[in-house]
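Quick notes on the structure that follows.
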Amino acid sequence: VSGSSLRILSGTGILGYGFDPASVEVDGLDLVACDGGSTDGGPYYLGSGSGMVSPEAARRDLEALWGCARRNGCPLVVGSCGAGGSDAQLEATLALLEDIAAANRWQAKVALVRAEVGADVVLTALDEGRIAPLDGAPRLDAETVRGAQTIVAMMGTEPIVAALETGADVILAGRISDAAIFAALPIMRGFDAGVAWHAGKLLECGAACAQPPGQDCIVAEVETDKFTIYAPNPARRCTPESIMTFTLHETPDPFLHPECGGTLDLTDARAVAAGDGRVEVTGARFVPRPPTVRLEGATQVGHRTVLFGATRDPRLVASIEAYLARVLEQCHAKMAAAGIGPDRFDVNLSVYGRDGVLGPLERERNGAHELAVLFEVIAATPEISRAVATACRSPLLHTDFPGRQCSEGNFALPFSPPELDGGPAYRFSIWHSMEIDGPLEFFPVELRAVGA
Amino acid sequence: MRLGDVATVCRTKNAGAFLLTIDVIFDEVELFELARRRLTPELLGELYQVSADAVVVVPWEHLLAIKATVPRWQPAGGPGERDVYGCQQHAPLLDLEL
């Protein structure tokens, strides 16, 4: 171990979510890092290549964190760039970095670590029996692989270690395990992998593990057999409870966390208050196993149009189910008359005020006084999608119902036009593990000079 | 007594795109023990309309927490989705009598 401790600052939960500008006024840092993405927002970002946050927001955070890393003379690592960590999203983050470099006359050696995987690579692995479903996903077949818009593999720490070893100032990575973004440097410097991975787990969501939780920076000081975590913003404190509760988050098993190349075992992990809003954490172990990567793939399923409206009429509220069935019948009849059969589109209905949030899990049967209805149309083309939503609108407004008094229109529509374009729609089609030979060959490091 | 009246945390969230994970945390060991006996895979299967075999329940005594994980109704964020983040699926637990 070179040096007895390492100080790591995590910017915020996702690059672009923001933080208190004063929170990055931290000295003695060995690493500034930030998670750039997540699968939480659904398959759209991976499929489309769009970011989860605006480019303006991502640029603001990237500039402040890069400035912090430069003041400290330490590297900046951003992982799962642009939300999904695809090549297009990685390039978009690089473009922001180039823009910041030009504006500030900054120069940097930048390492790019790509995570996008070609269908051919996945098909070969499928043939060789190296692919298995994760979390109850269906078995993968060749057609699904060929049909996917974008496929990424989730890297662990090894490619980031390789990138750090080049002496890069800034490392931008594609899809990566959130914790690996932070764990790579301590592992490279010889610190215990269990301590490093556990620190990474807590750092990955920024100040979400503090009290009050929020979008802000968090710092960990990693030592030989423990780490200490605290929020640089004096308005936030870490407590053993806030730290351990956060360990439960987004994982099916609070004790065993599978990662690329090993399992983080938190069975014996303990957190104790260390004074001044700091918490000392010990006891994590990292148990190595042969390298596998999680594959994530998104497939386009069509184009989405949304129609939203609400009723305050008591008789319509009371008979909404039968009413909506008749609206859909009329929509189908109009589309059929235009030569567009029901196989070319789907209409999904949610009734808010009844069971919009829980769907079939809803047990509350006390009626609401107003109901909102959301029509989600998915169709093969944007034109058909819009046509179907438009064909729902007029029957939604004007279909007769028993005891109707409001004969000028049955639904309050908040927008003009009422049909909103939701763009291409995707689903997660690949959620599988793939055995690989070596993480370094699989995720090669590419160096670029920025601002030169 | 209702779980929703006595739990300090009652929350759900995606654990990846195919699973929904449930965390219920208490500040008294008696409440935790009551809930641990009540929150069986059979009961959670019924509330979340999945097979009891597909439900994993992991109590964590140190934290007075019970974590349960169930399959999602569909992979997160596809057509027909009602809760992309899976963060508002806790209500069926709130009315549960302990």
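For the structure tokens, the naming scheme is as follows: chains receive sequential letters (A, B, ...) according to their order of presentation, residues are indexed from 1 within each chain, and ligands are indexed from 1 in presentation order.
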
Using 8 Å as the limit and counting only C-alpha atoms, can you tabulate each residue of chain B that touches chain A, with its shortest atom-to-atom distance in Å and the two atoms involved, as a Markdown table?
```
| residue | atom | partner | partner_atom | distance |
| --- | --- | --- | --- | --- |
| B:Lys13 | CA | A:Glu250 | CA | 6.1 |
| B:Asn14 | CA | A:Glu250 | CA | 5.9 |
| B:Ala15 | CA | A:Glu250 | CA | 4.4 |
| B:Gly16 | CA | A:Thr39 | CA | 7.0 |
| B:Ala17 | CA | A:Thr39 | CA | 7.1 |
| B:Phe18 | CA | A:Asp135 | CA | 6.0 |
| B:Leu19 | CA | A:Asp135 | CA | 6.6 |
| B:Thr21 | CA | A:Pro252 | CA | 5.9 |
| B:Asp23 | CA | A:Leu248 | CA | 7.4 |
| B:Leu47 | CA | A:Leu361 | CA | 6.7 |
| B:Tyr48 | CA | A:Leu361 | CA | 6.2 |
| B:Gln49 | CA | A:Leu361 | CA | 7.1 |
| B:Val56 | CA | A:Pro252 | CA | 8.0 |
| B:Val58 | CA | A:Asp253 | CA | 7.0 |
| B:Leu63 | CA | A:Met244 | CA | 7.3 |
| B:Lys67 | CA | A:Pro252 | CA | 7.5 |
| B:Ala68 | CA | A:Pro252 | CA | 7.1 |
| B:Thr69 | CA | A:Pro252 | CA | 5.6 |
| B:Pro71 | CA | A:Gly136 | CA | 7.5 |
| B:Pro75 | CA | A:Phe428 | CA | 6.2 |
| B:Ala76 | CA | A:Gly42 | CA | 5.6 |
| B:Gly77 | CA | A:Gly42 | CA | 4.4 |
| B:Gly78 | CA | A:Arg427 | CA | 4.4 |
| B:Pro79 | CA | A:Ile378 | CA | 7.2 |
| B:Gly80 | CA | A:Asn348 | CA | 5.6 |
| B:Arg82 | CA | A:Val357 | CA | 5.9 |
| B:Asp83 | CA | A:Val357 | CA | 6.7 |
| B:Val84 | CA | A:Gly42 | CA | 6.2 |
| B:Tyr85 | CA | A:Asp40 | CA | 5.6 |
| B:Gln88 | CA | A:Val357 | CA | 7.1 |
| B:Gln89 | CA | A:Leu358 | CA | 6.3 |
| B:Pro92 | CA | A:Glu362 | CA | 7.2 |
```

task: Would you please extract all alpha helix (DSSP H) residues from range 178-358 of chain A, as assigned by DSSP on the backbone, and give them as a ChimeraX atom specification?
output: /A:180-188,193-203,240-247,314-318,320-337

Spatial neighbours of Leu98 in chain B, 7 Å, only C-alpha atoms, chain gap at least 2 places, as an NGL selection string: :B and (1-3 or 34-35 or 38 or 96)

Save the residues we just selected, C-alpha atoms, as a PDB file, in the first residue's frame?
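out-v3.pdb, freshly written:
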```
ATOM      1  CA  MET B   1     -51.697  -2.150  14.540  1.00  0.00           C
ATOM      2  CA  ARG B   2     -51.003  -1.205  10.919  1.00  0.00           C
ATOM      3  CA  LEU B   3     -47.501  -1.651   9.519  1.00  0.00           C
ATOM      4  CA  LEU B  34     -43.837  -9.175  14.632  1.00  0.00           C
ATOM      5  CA  ALA B  35     -43.234  -8.101  11.049  1.00  0.00           C
ATOM      6  CA  ARG B  38     -45.986 -11.693   9.281  1.00  0.00           C
ATOM      7  CA  LEU B  96     -51.099  -4.762   6.806  1.00  0.00           C
TER       8      LEU B  96
END
```

message: Taking 5 positions as the minimum chain separation for residues in the same chain, which residues sit within 9 Å of range 211-218 of chain A when counting only C-alpha atoms? Answer as a PyMOL selection string.
response: chain A and resi 8-14+17-21+23-24+202-203+205-206+229-233+235-239+242

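For Arg285 in chain A, the residues within 6 Å (counting only C-alpha atoms, excluding itself and residues fewer than 2 positions away along the chain) are Gly194, Leu264 and Asp265 of chain A.
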
Preceding selection exported with N, CA, C and O atoms as a JSON list (two decimals), in the first residue's frame:
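Result file follows (part_2.json):
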```json
[["chain", "number", "residue", "atom", "x", "y", "z"],
["A", 194, "GLY", "N", -12.41, -5.59, -0.44],
["A", 194, "GLY", "CA", -13.69, -5.52, 0.27],
["A", 194, "GLY", "C", -13.98, -4.10, 0.75],
["A", 194, "GLY", "O", -15.08, -3.57, 0.57],
["A", 264, "LEU", "N", -19.17, -9.05, -3.30],
["A", 264, "LEU", "CA", -18.94, -8.25, -2.11],
["A", 264, "LEU", "C", -19.83, -8.81, -1.00],
["A", 264, "LEU", "O", -21.05, -8.84, -1.12],
["A", 265, "ASP", "N", -19.18, -9.29, 0.06],
["A", 265, "ASP", "CA", -19.90, -9.93, 1.18],
["A", 265, "ASP", "C", -19.93, -8.96, 2.36],
["A", 265, "ASP", "O", -18.89, -8.67, 2.96]]
```

- prompt: Could you pull the residues within 6 Å of range 46-63 of chain A, counting only C-alpha atoms, minus those fewer than 6 positions along the same chain, as a VMD selection string?
  reply: chain A and resid 15 to 16 82 to 84 88 to 89 96 149 to 150 298

message: Using DSSP secondary structure from the backbone, list all strand (DSSP E) positions within chain B, as a list in words.
response: Val9, Cys10, Arg11, Thr12, Lys13, Asn14, Leu19, Leu20, Thr21, Ile22, Asp23, Val24, Ile25, Val56, Val57, Val58, Pro59, Trp60, Ala65, Ile66, Lys67, Ala68, Thr69, Val70 and Pro71 of chain B

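With only C-alpha atoms taken into account, the protein and nucleic acid residues at most 6 Å from range 324-337 of chain A (excluding it and anything under 6 positions from it in its own chain) are A:Ala391, A:Cys392, A:Pro395, A:Leu396.
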
Output of the above residues as a PDB file, in the first residue's frame, restricted to C-alpha atoms:
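Okay, result_16.pdb is ready:
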```
ATOM      1  CA  ALA A 391     -58.744   8.546 -32.976  1.00  0.00           C
ATOM      2  CA  CYS A 392     -59.148   8.085 -29.210  1.00  0.00           C
ATOM      3  CA  PRO A 395     -64.746   9.416 -28.655  1.00  0.00           C
ATOM      4  CA  LEU A 396     -63.146  10.284 -25.298  1.00  0.00           C
TER       5      LEU A 396
END
```
